[in-house]
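Listing of run26.pdb, PDB, C-alpha atoms
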ATOM      1  CA  MET M 818     122.961 118.423 112.315  1.00  0.00           C
ATOM      2  CA  SER M 819     120.604 115.668 113.400  1.00  0.00           C
ATOM      3  CA  LEU M 820     117.357 116.708 115.048  1.00  0.00           C
ATOM      4  CA  ILE M 821     117.351 113.579 117.178  1.00  0.00           C
ATOM      5  CA  MET M 822     120.158 113.332 119.667  1.00  0.00           C
ATOM      6  CA  PRO M 823     120.951 110.015 121.326  1.00  0.00           C
ATOM      7  CA  LEU M 824     120.233 109.962 125.030  1.00  0.00           C
ATOM      8  CA  THR M 825     123.117 109.719 127.408  1.00  0.00           C
ATOM      9  CA  LEU M 826     121.753 108.048 130.497  1.00  0.00           C
ATOM     10  CA  SER M 827     123.436 107.181 133.722  1.00  0.00           C
ATOM     11  CA  GLN M 828     123.162 103.654 135.080  1.00  0.00           C
ATOM     12  CA  PHE M 829     120.758 105.008 137.718  1.00  0.00           C
ATOM     13  CA  GLN M 830     118.507 106.524 135.018  1.00  0.00           C
ATOM     14  CA  LYS M 831     118.557 103.279 133.037  1.00  0.00           C
ATOM     15  CA  GLU M 832     117.480 101.378 136.145  1.00  0.00           C
ATOM     16  CA  GLN M 833     114.687 103.876 136.776  1.00  0.00           C
ATOM     17  CA  ILE M 834     113.380 103.428 133.231  1.00  0.00           C
ATOM     18  CA  LYS M 835     113.613  99.652 133.558  1.00  0.00           C
ATOM     19  CA  ASN M 836     111.670  99.772 136.857  1.00  0.00           C
ATOM     20  CA  ILE M 837     108.991 101.993 135.321  1.00  0.00           C
ATOM     21  CA  HIS M 838     108.731  99.632 132.357  1.00  0.00           C
ATOM     22  CA  HIS M 839     108.313  96.614 134.648  1.00  0.00           C
ATOM     23  CA  GLY M 840     105.761  98.549 136.718  1.00  0.00           C
ATOM     24  CA  VAL M 841     103.702  99.319 133.622  1.00  0.00           C
ATOM     25  CA  ILE M 842     103.781  95.679 132.550  1.00  0.00           C
ATOM     26  CA  GLU M 843     102.728  94.509 136.014  1.00  0.00           C
ATOM     27  CA  ALA M 844      99.910  97.065 136.120  1.00  0.00           C
ATOM     28  CA  ILE M 845      98.641  95.876 132.749  1.00  0.00           C
ATOM     29  CA  LEU M 846      98.847  92.212 133.706  1.00  0.00           C
ATOM     30  CA  ASN M 847      97.206  92.772 137.106  1.00  0.00           C
ATOM     31  CA  THR M 848      94.298  94.863 135.867  1.00  0.00           C
ATOM     32  CA  ALA M 849      91.173  93.005 134.851  1.00  0.00           C
ATOM     33  CA  ASN M 850      90.260  94.730 131.621  1.00  0.00           C
ATOM     34  CA  THR M 851      87.004  94.113 129.809  1.00  0.00           C
ATOM     35  CA  ASN M 852      87.571  96.993 127.399  1.00  0.00           C
ATOM     36  CA  TYR M 853      89.027  95.645 124.175  1.00  0.00           C
ATOM     37  CA  ASP M 854      89.058  98.925 122.227  1.00  0.00           C
ATOM     38  CA  PHE M 855      92.201 100.194 120.531  1.00  0.00           C
ATOM     39  CA  LEU M 856      92.207 103.580 122.261  1.00  0.00           C
ATOM     40  CA  GLY M 857      91.990 103.001 125.979  1.00  0.00           C
ATOM     41  CA  GLY M 858      91.635  99.230 125.921  1.00  0.00           C
ATOM     42  CA  GLN M 859      93.483  95.969 125.461  1.00  0.00           C
ATOM     43  CA  ALA M 860      93.715  96.222 121.663  1.00  0.00           C
ATOM     44  CA  GLY M 861      95.964  99.232 122.167  1.00  0.00           C
ATOM     45  CA  VAL M 862      97.959  97.597 124.958  1.00  0.00           C
ATOM     46  CA  LEU M 863      98.759  94.317 123.214  1.00  0.00           C
ATOM     47  CA  PRO M 864     101.422  95.740 120.856  1.00  0.00           C
ATOM     48  CA  TYR M 865     103.222  97.169 123.906  1.00  0.00           C
ATOM     49  CA  LEU M 866     103.003  93.835 125.722  1.00  0.00           C
ATOM     50  CA  TYR M 867     104.250  91.983 122.654  1.00  0.00           C
ATOM     51  CA  LEU M 868     107.259  94.271 122.277  1.00  0.00           C
ATOM     52  CA  ALA M 869     107.924  94.093 126.028  1.00  0.00           C
ATOM     53  CA  ASP M 870     107.945  90.299 125.745  1.00  0.00           C
ATOM     54  CA  GLN M 871     110.436  90.528 122.864  1.00  0.00           C
ATOM     55  CA  ILE M 872     112.718  92.841 124.841  1.00  0.00           C
ATOM     56  CA  THR M 873     112.717  90.491 127.835  1.00  0.00           C
ATOM     57  CA  GLN M 874     113.104  87.516 125.454  1.00  0.00           C
ATOM     58  CA  GLY M 875     109.953  85.814 126.681  1.00  0.00           C
ATOM     59  CA  ALA M 876     110.892  86.005 130.348  1.00  0.00           C
ATOM     60  CA  SER M 877     107.263  86.358 131.409  1.00  0.00           C
ATOM     61  CA  SER M 878     104.892  83.518 130.664  1.00  0.00           C
ATOM     62  CA  ARG M 879     102.129  85.816 131.970  1.00  0.00           C
ATOM     63  CA  ILE M 880     102.680  88.171 129.019  1.00  0.00           C
ATOM     64  CA  GLU M 881     102.403  85.295 126.545  1.00  0.00           C
ATOM     65  CA  GLN M 882      99.259  83.986 128.272  1.00  0.00           C
ATOM     66  CA  THR M 883      97.700  87.467 128.202  1.00  0.00           C
ATOM     67  CA  LEU M 884      98.595  87.933 124.533  1.00  0.00           C
ATOM     68  CA  ASN M 885      97.073  84.583 123.533  1.00  0.00           C
ATOM     69  CA  SER M 886      93.946  85.099 125.611  1.00  0.00           C
ATOM     70  CA  ASP M 887      93.363  88.653 124.424  1.00  0.00           C
ATOM     71  CA  ILE M 888      93.987  87.812 120.760  1.00  0.00           C
ATOM     72  CA  ASP M 889      91.256  85.167 121.091  1.00  0.00           C
ATOM     73  CA  LYS M 890      88.953  87.752 122.689  1.00  0.00           C
ATOM     74  CA  LEU M 891      89.652  90.277 119.923  1.00  0.00           C
ATOM     75  CA  THR M 892      88.948  87.809 117.122  1.00  0.00           C
ATOM     76  CA  THR M 893      85.763  86.722 118.900  1.00  0.00           C
ATOM     77  CA  ARG M 894      84.727  90.344 119.300  1.00  0.00           C
ATOM     78  CA  LEU M 895      85.152  90.916 115.558  1.00  0.00           C
ATOM     79  CA  SER M 896      82.713  88.139 114.772  1.00  0.00           C
ATOM     80  CA  THR M 897      80.163  88.565 117.558  1.00  0.00           C
ATOM     81  CA  GLU M 898      79.754  92.282 118.280  1.00  0.00           C
ATOM     82  CA  GLN M 899      78.339  95.100 116.239  1.00  0.00           C
ATOM     83  CA  LEU M 900      81.292  97.466 115.942  1.00  0.00           C
ATOM     84  CA  THR M 901      81.990 100.800 114.288  1.00  0.00           C
ATOM     85  CA  LEU M 902      84.552 101.190 111.526  1.00  0.00           C
ATOM     86  CA  GLY M 903      86.662 103.503 113.704  1.00  0.00           C
ATOM     87  CA  ILE M 904      90.119 102.884 115.008  1.00  0.00           C
ATOM     88  CA  SER M 905      89.162 103.922 118.536  1.00  0.00           C
ATOM     89  CA  ASP M 906      86.588 101.249 119.274  1.00  0.00           C
ATOM     90  CA  GLY M 907      85.868  99.350 116.117  1.00  0.00           C
ATOM     91  CA  PHE M 908      87.030  97.110 113.329  1.00  0.00           C
ATOM     92  CA  SER M 909      89.969  99.259 112.248  1.00  0.00           C
ATOM     93  CA  GLY M 910      91.587  99.405 115.691  1.00  0.00           C
ATOM     94  CA  ILE M 911      91.206  95.718 116.418  1.00  0.00           C
ATOM     95  CA  GLY M 912      92.327  94.937 112.879  1.00  0.00           C
ATOM     96  CA  TRP M 913      95.399  97.164 113.195  1.00  0.00           C
ATOM     97  CA  THR M 914      96.426  95.344 116.385  1.00  0.00           C
ATOM     98  CA  LEU M 915      95.894  91.882 114.929  1.00  0.00           C
ATOM     99  CA  GLU M 916      97.758  92.796 111.738  1.00  0.00           C
ATOM    100  CA  PHE M 917     100.630  94.348 113.730  1.00  0.00           C
ATOM    101  CA  LEU M 918     100.989  91.174 115.808  1.00  0.00           C
ATOM    102  CA  ASN M 919     100.699  89.012 112.680  1.00  0.00           C
ATOM    103  CA  GLN M 920     103.454  91.002 110.955  1.00  0.00           C
ATOM    104  CA  GLN M 921     105.764  90.447 113.913  1.00  0.00           C
ATOM    105  CA  GLN M 922     105.775  86.725 113.109  1.00  0.00           C
ATOM    106  CA  GLY M 923     108.302  87.151 110.304  1.00  0.00           C
ATOM    107  CA  ASP M 924     108.309  84.114 108.031  1.00  0.00           C
ATOM    108  CA  ASP M 925     105.234  82.747 109.845  1.00  0.00           C
ATOM    109  CA  TYR M 926     103.152  85.744 108.718  1.00  0.00           C
ATOM    110  CA  ASP M 927      99.657  84.585 107.708  1.00  0.00           C
ATOM    111  CA  ILE M 928      98.668  86.663 104.664  1.00  0.00           C
ATOM    112  CA  GLU M 929      95.063  85.444 104.911  1.00  0.00           C
ATOM    113  CA  PHE M 930      94.592  86.175 108.624  1.00  0.00           C
ATOM    114  CA  CYS M 931      92.813  89.529 108.064  1.00  0.00           C
ATOM    115  CA  ASN M 932      91.229  88.799 104.667  1.00  0.00           C
ATOM    116  CA  THR M 933      87.687  88.623 106.064  1.00  0.00           C
ATOM    117  CA  LEU M 934      88.169  91.933 107.851  1.00  0.00           C
ATOM    118  CA  ASP M 935      89.573  93.441 104.647  1.00  0.00           C
ATOM    119  CA  GLU M 936      86.465  92.395 102.734  1.00  0.00           C
ATOM    120  CA  LEU M 937      84.167  93.763 105.436  1.00  0.00           C
ATOM    121  CA  LEU M 938      85.943  97.134 105.412  1.00  0.00           C
ATOM    122  CA  ILE M 939      86.057  97.263 101.604  1.00  0.00           C
ATOM    123  CA  THR M 940      82.303  96.692 101.537  1.00  0.00           C
ATOM    124  CA  ALA M 941      81.747  99.348 104.216  1.00  0.00           C
ATOM    125  CA  VAL M 942      83.712 102.034 102.363  1.00  0.00           C
ATOM    126  CA  SER M 943      82.366 101.078  98.907  1.00  0.00           C
ATOM    127  CA  THR M 944      79.793 103.833  98.841  1.00  0.00           C
ATOM    128  CA  PRO M 945      79.390 106.255  95.951  1.00  0.00           C
ATOM    129  CA  GLN M 946      79.998 109.170  98.327  1.00  0.00           C
ATOM    130  CA  TRP M 947      81.449 108.946 101.844  1.00  0.00           C
ATOM    131  CA  GLN M 948      78.928 110.183 104.430  1.00  0.00           C
ATOM    132  CA  GLY M 949      80.824 109.315 107.598  1.00  0.00           C
ATOM    133  CA  GLU M 950      83.530 111.022 109.608  1.00  0.00           C
ATOM    134  CA  LEU M 951      86.898 111.706 108.030  1.00  0.00           C
ATOM    135  CA  GLU M 952      89.054 112.085 111.142  1.00  0.00           C
ATOM    136  CA  TYR M 953      91.283 109.470 112.795  1.00  0.00           C
ATOM    137  CA  VAL M 954      89.430 108.370 115.918  1.00  0.00           C
ATOM    138  CA  LEU M 955      86.020 107.566 114.458  1.00  0.00           C
ATOM    139  CA  GLY M 956      86.412 108.041 110.750  1.00  0.00           C
ATOM    140  CA  LEU M 957      88.024 107.196 107.488  1.00  0.00           C
ATOM    141  CA  ALA M 958      91.538 108.205 108.600  1.00  0.00           C
ATOM    142  CA  GLY M 959      91.427 105.415 111.209  1.00  0.00           C
ATOM    143  CA  VAL M 960      90.440 102.930 108.523  1.00  0.00           C
ATOM    144  CA  ALA M 961      93.372 104.286 106.490  1.00  0.00           C
ATOM    145  CA  ALA M 962      95.750 103.487 109.372  1.00  0.00           C
ATOM    146  CA  TYR M 963      94.606  99.853 109.230  1.00  0.00           C
ATOM    147  CA  ALA M 964      94.822  99.819 105.407  1.00  0.00           C
ATOM    148  CA  ALA M 965      98.360 101.224 105.496  1.00  0.00           C
ATOM    149  CA  ARG M 966      99.443  98.591 108.035  1.00  0.00           C
ATOM    150  CA  ARG M 967      97.920  95.871 105.838  1.00  0.00           C
ATOM    151  CA  LEU M 968      99.671  97.138 102.692  1.00  0.00           C
ATOM    152  CA  LYS M 969     103.042  96.487 104.305  1.00  0.00           C
ATOM    153  CA  ARG M 970     102.538  92.771 103.614  1.00  0.00           C
ATOM    154  CA  SER M 971      99.385  92.414 101.509  1.00  0.00           C
ATOM    155  CA  SER M 972      99.353  92.964  97.766  1.00  0.00           C
ATOM    156  CA  ASP M 973      95.654  93.921  97.685  1.00  0.00           C
ATOM    157  CA  PRO M 974      95.366  97.723  97.435  1.00  0.00           C
ATOM    158  CA  ARG M 975      91.544  97.867  97.081  1.00  0.00           C
ATOM    159  CA  LEU M 976      90.769  99.166 100.583  1.00  0.00           C
ATOM    160  CA  TYR M 977      93.415 101.867 100.440  1.00  0.00           C
ATOM    161  CA  GLU M 978      92.342 102.873  96.921  1.00  0.00           C
ATOM    162  CA  LYS M 979      88.713 103.307  98.024  1.00  0.00           C
ATOM    163  CA  ILE M 980      89.789 105.458 100.969  1.00  0.00           C
ATOM    164  CA  ILE M 981      91.946 107.675  98.732  1.00  0.00           C
ATOM    165  CA  THR M 982      89.075 107.988  96.240  1.00  0.00           C
ATOM    166  CA  HIS M 983      86.804 109.305  99.023  1.00  0.00           C
ATOM    167  CA  TYR M 984      89.411 111.809 100.193  1.00  0.00           C
ATOM    168  CA  GLU M 985      89.941 112.995  96.624  1.00  0.00           C
ATOM    169  CA  ALA M 986      86.191 113.386  96.051  1.00  0.00           C
ATOM    170  CA  LEU M 987      85.676 115.345  99.276  1.00  0.00           C
ATOM    171  CA  ALA M 988      88.702 117.625  98.928  1.00  0.00           C
ATOM    172  CA  ILE M 989      87.989 121.344  98.785  1.00  0.00           C
ATOM    173  CA  GLN M 990      90.595 123.457  97.050  1.00  0.00           C
ATOM    174  CA  VAL M 991      91.270 126.459  99.299  1.00  0.00           C
ATOM    175  CA  ASN M 992      93.804 127.986  96.910  1.00  0.00           C
ATOM    176  CA  GLU M 993      96.329 126.740  94.371  1.00  0.00           C
ATOM    177  CA  GLN M 994      98.476 125.062  97.017  1.00  0.00           C
ATOM    178  CA  GLN M 995      96.029 124.033  99.742  1.00  0.00           C
ATOM    179  CA  LEU M 996      93.289 121.495 100.116  1.00  0.00           C
ATOM    180  CA  SER M 997      90.861 121.057 102.972  1.00  0.00           C
ATOM    181  CA  TRP M 998      88.191 118.579 103.890  1.00  0.00           C
ATOM    182  CA  PRO M 999      84.766 119.149 105.441  1.00  0.00           C
TER     183      PRO M 999
END

Take the structure from the file and write it as C-alpha cells.
Amino acid sequence: MSLIMPLTLSQFQKEQIKNIHHGVIEAILNTANTNYDFLGGQAGVLPYLYLADQITQGASSRIEQTLNSDIDKLTTRLSTEQLTLGISDGFSGIGWTLEFLNQQQGDDYDIEFCNTLDELLITAVSTPQWQGELEYVLGLAGVAAYAARRLKRSSDPRLYEKIITHYEALAIQVNEQQLSWP
C-alpha cells in the first residue's frame, strides 16, 4: 500500500488553491524586498517564482522581470558582500538558488556558471580540521546541500569530498551501529 495517496479535490477546492497560489505570487511581486538571503529572502523565493512561471507558461512578464532582476542582484551580492558559508544567509544558499535556476535551463545549462563559487567554497572548507558549525542553517550541512545540487550536473566532486571528509573526521561512534557529531 502506498504511503502517499493522490488528492481528490473538488473543482471548488482546485479554484481555492489556484487563488491562493496567485495571491502568494502577487504578494511576492508587490513586496519590496531588500533581503536576498535563502531562508527568509528572495534567494529562497526565486525557485518558487520560477516554477510558478513554468506552470503558468510565462503568463506573467512581471515574474520574468523579477527573476532577471533578482538573479543580477544575487550574483552582484556574491561578488561585493562579505557573506558566510551558510545556506541561510550566505554563499551556499545563494549558490543553491543560482544552480537550481541554471539546471532548469535544460540543454542551455551553463556548467561553468558556478565554477568561481565552487572554488571559493572548496578553499573555505579545505582546512585540516573543520572548526565551524555542522548543522544545516549556518554550517557544513548547508554547504553540502549546495554541493549535492551541483553534483547533479557537475563532474567535479572535490567540494562534496571535502565535506564528507570533515564529517568522517568529526564522527563519534556512540556504539556499533550509531554515530554522532559534536

Evaluated on this file, the PyMOL selection byres ((chain M and resi 881-888) around 12) picks out some residues - which ones are they, written as an mmCIF file with C-alpha atoms, in the frame of the given file?
data_model
loop_
_atom_site.group_PDB
_atom_site.id
_atom_site.type_symbol
_atom_site.label_atom_id
_atom_site.label_comp_id
_atom_site.auth_asym_id
_atom_site.auth_seq_id
_atom_site.Cartn_x
_atom_site.Cartn_y
_atom_site.Cartn_z
ATOM 1 C CA ILE M 842 103.781 95.679 132.550
ATOM 2 C CA GLU M 843 102.728 94.509 136.014
ATOM 3 C CA ILE M 845 98.641 95.876 132.749
ATOM 4 C CA LEU M 846 98.847 92.212 133.706
ATOM 5 C CA ASN M 847 97.206 92.772 137.106
ATOM 6 C CA THR M 848 94.298 94.863 135.867
ATOM 7 C CA ALA M 849 91.173 93.005 134.851
ATOM 8 C CA ASN M 850 90.260 94.730 131.621
ATOM 9 C CA THR M 851 87.004 94.113 129.809
ATOM 10 C CA ASN M 852 87.571 96.993 127.399
ATOM 11 C CA TYR M 853 89.027 95.645 124.175
ATOM 12 C CA ASP M 854 89.058 98.925 122.227
ATOM 13 C CA GLY M 858 91.635 99.230 125.921
ATOM 14 C CA GLN M 859 93.483 95.969 125.461
ATOM 15 C CA ALA M 860 93.715 96.222 121.663
ATOM 16 C CA GLY M 861 95.964 99.232 122.167
ATOM 17 C CA VAL M 862 97.959 97.597 124.958
ATOM 18 C CA LEU M 863 98.759 94.317 123.214
ATOM 19 C CA PRO M 864 101.422 95.740 120.856
ATOM 20 C CA TYR M 865 103.222 97.169 123.906
ATOM 21 C CA LEU M 866 103.003 93.835 125.722
ATOM 22 C CA TYR M 867 104.250 91.983 122.654
ATOM 23 C CA LEU M 868 107.259 94.271 122.277
ATOM 24 C CA ALA M 869 107.924 94.093 126.028
ATOM 25 C CA ASP M 870 107.945 90.299 125.745
ATOM 26 C CA GLN M 871 110.436 90.528 122.864
ATOM 27 C CA THR M 873 112.717 90.491 127.835
ATOM 28 C CA GLN M 874 113.104 87.516 125.454
ATOM 29 C CA GLY M 875 109.953 85.814 126.681
ATOM 30 C CA ALA M 876 110.892 86.005 130.348
ATOM 31 C CA SER M 877 107.263 86.358 131.409
ATOM 32 C CA SER M 878 104.892 83.518 130.664
ATOM 33 C CA ARG M 879 102.129 85.816 131.970
ATOM 34 C CA ILE M 880 102.680 88.171 129.019
ATOM 35 C CA ASP M 889 91.256 85.167 121.091
ATOM 36 C CA LYS M 890 88.953 87.752 122.689
ATOM 37 C CA LEU M 891 89.652 90.277 119.923
ATOM 38 C CA THR M 892 88.948 87.809 117.122
ATOM 39 C CA THR M 893 85.763 86.722 118.900
ATOM 40 C CA ARG M 894 84.727 90.344 119.300
ATOM 41 C CA LEU M 895 85.152 90.916 115.558
ATOM 42 C CA ILE M 911 91.206 95.718 116.418
ATOM 43 C CA GLY M 912 92.327 94.937 112.879
ATOM 44 C CA THR M 914 96.426 95.344 116.385
ATOM 45 C CA LEU M 915 95.894 91.882 114.929
ATOM 46 C CA GLU M 916 97.758 92.796 111.738
ATOM 47 C CA PHE M 917 100.630 94.348 113.730
ATOM 48 C CA LEU M 918 100.989 91.174 115.808
ATOM 49 C CA ASN M 919 100.699 89.012 112.680
#

Hits of the PyMOL selection byres ((chain M and resi 950-966) around 6) in this structure, as JSON, numbers by chain: {"M": [903, 904, 905, 909, 913, 949, 967, 968, 969, 977]}

Mind writing the picked residues with C-alpha atoms as an mmCIF file, keeping the file's coordinate frame?
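Produced file part09.cif, reproduced below:
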data_model
loop_
_atom_site.group_PDB
_atom_site.id
_atom_site.type_symbol
_atom_site.label_atom_id
_atom_site.label_comp_id
_atom_site.auth_asym_id
_atom_site.auth_seq_id
_atom_site.Cartn_x
_atom_site.Cartn_y
_atom_site.Cartn_z
ATOM 1 C CA GLY M 903 86.662 103.503 113.704
ATOM 2 C CA ILE M 904 90.119 102.884 115.008
ATOM 3 C CA SER M 905 89.162 103.922 118.536
ATOM 4 C CA SER M 909 89.969 99.259 112.248
ATOM 5 C CA TRP M 913 95.399 97.164 113.195
ATOM 6 C CA GLY M 949 80.824 109.315 107.598
ATOM 7 C CA ARG M 967 97.920 95.871 105.838
ATOM 8 C CA LEU M 968 99.671 97.138 102.692
ATOM 9 C CA LYS M 969 103.042 96.487 104.305
ATOM 10 C CA TYR M 977 93.415 101.867 100.440
#

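Nearest-residue note for Ser943 of chain M: choosing from M:Gln920, M:Thr982, M:Asp906, M:Gly840, the minimum distance belongs to M:Thr982, counting all atoms listed in the file.
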
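Atom CA of Trp947 of chain M sits 21.1 Å away from atom CA of Gln995 of chain M.
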
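Here atom CA of Leu900 of chain M and atom CA of Gly857 of chain M stand 15.7 Å from one another.
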
Residue nearest Leu937 of chain M among M:Pro974, M:Ser896, M:Gly923, M:Ala986 (counting all atoms listed in the file): M:Ser896

Here is a test: counting only C-alpha atoms, which residue of M:Tyr984, M:Trp998, M:Phe855, M:Tyr926 is nearest to Arg970 of chain M? M:Tyr926

Atom CA of Gln922 of chain M sits from atom CA of Ile837 of chain M at a separation of 27.1 Å
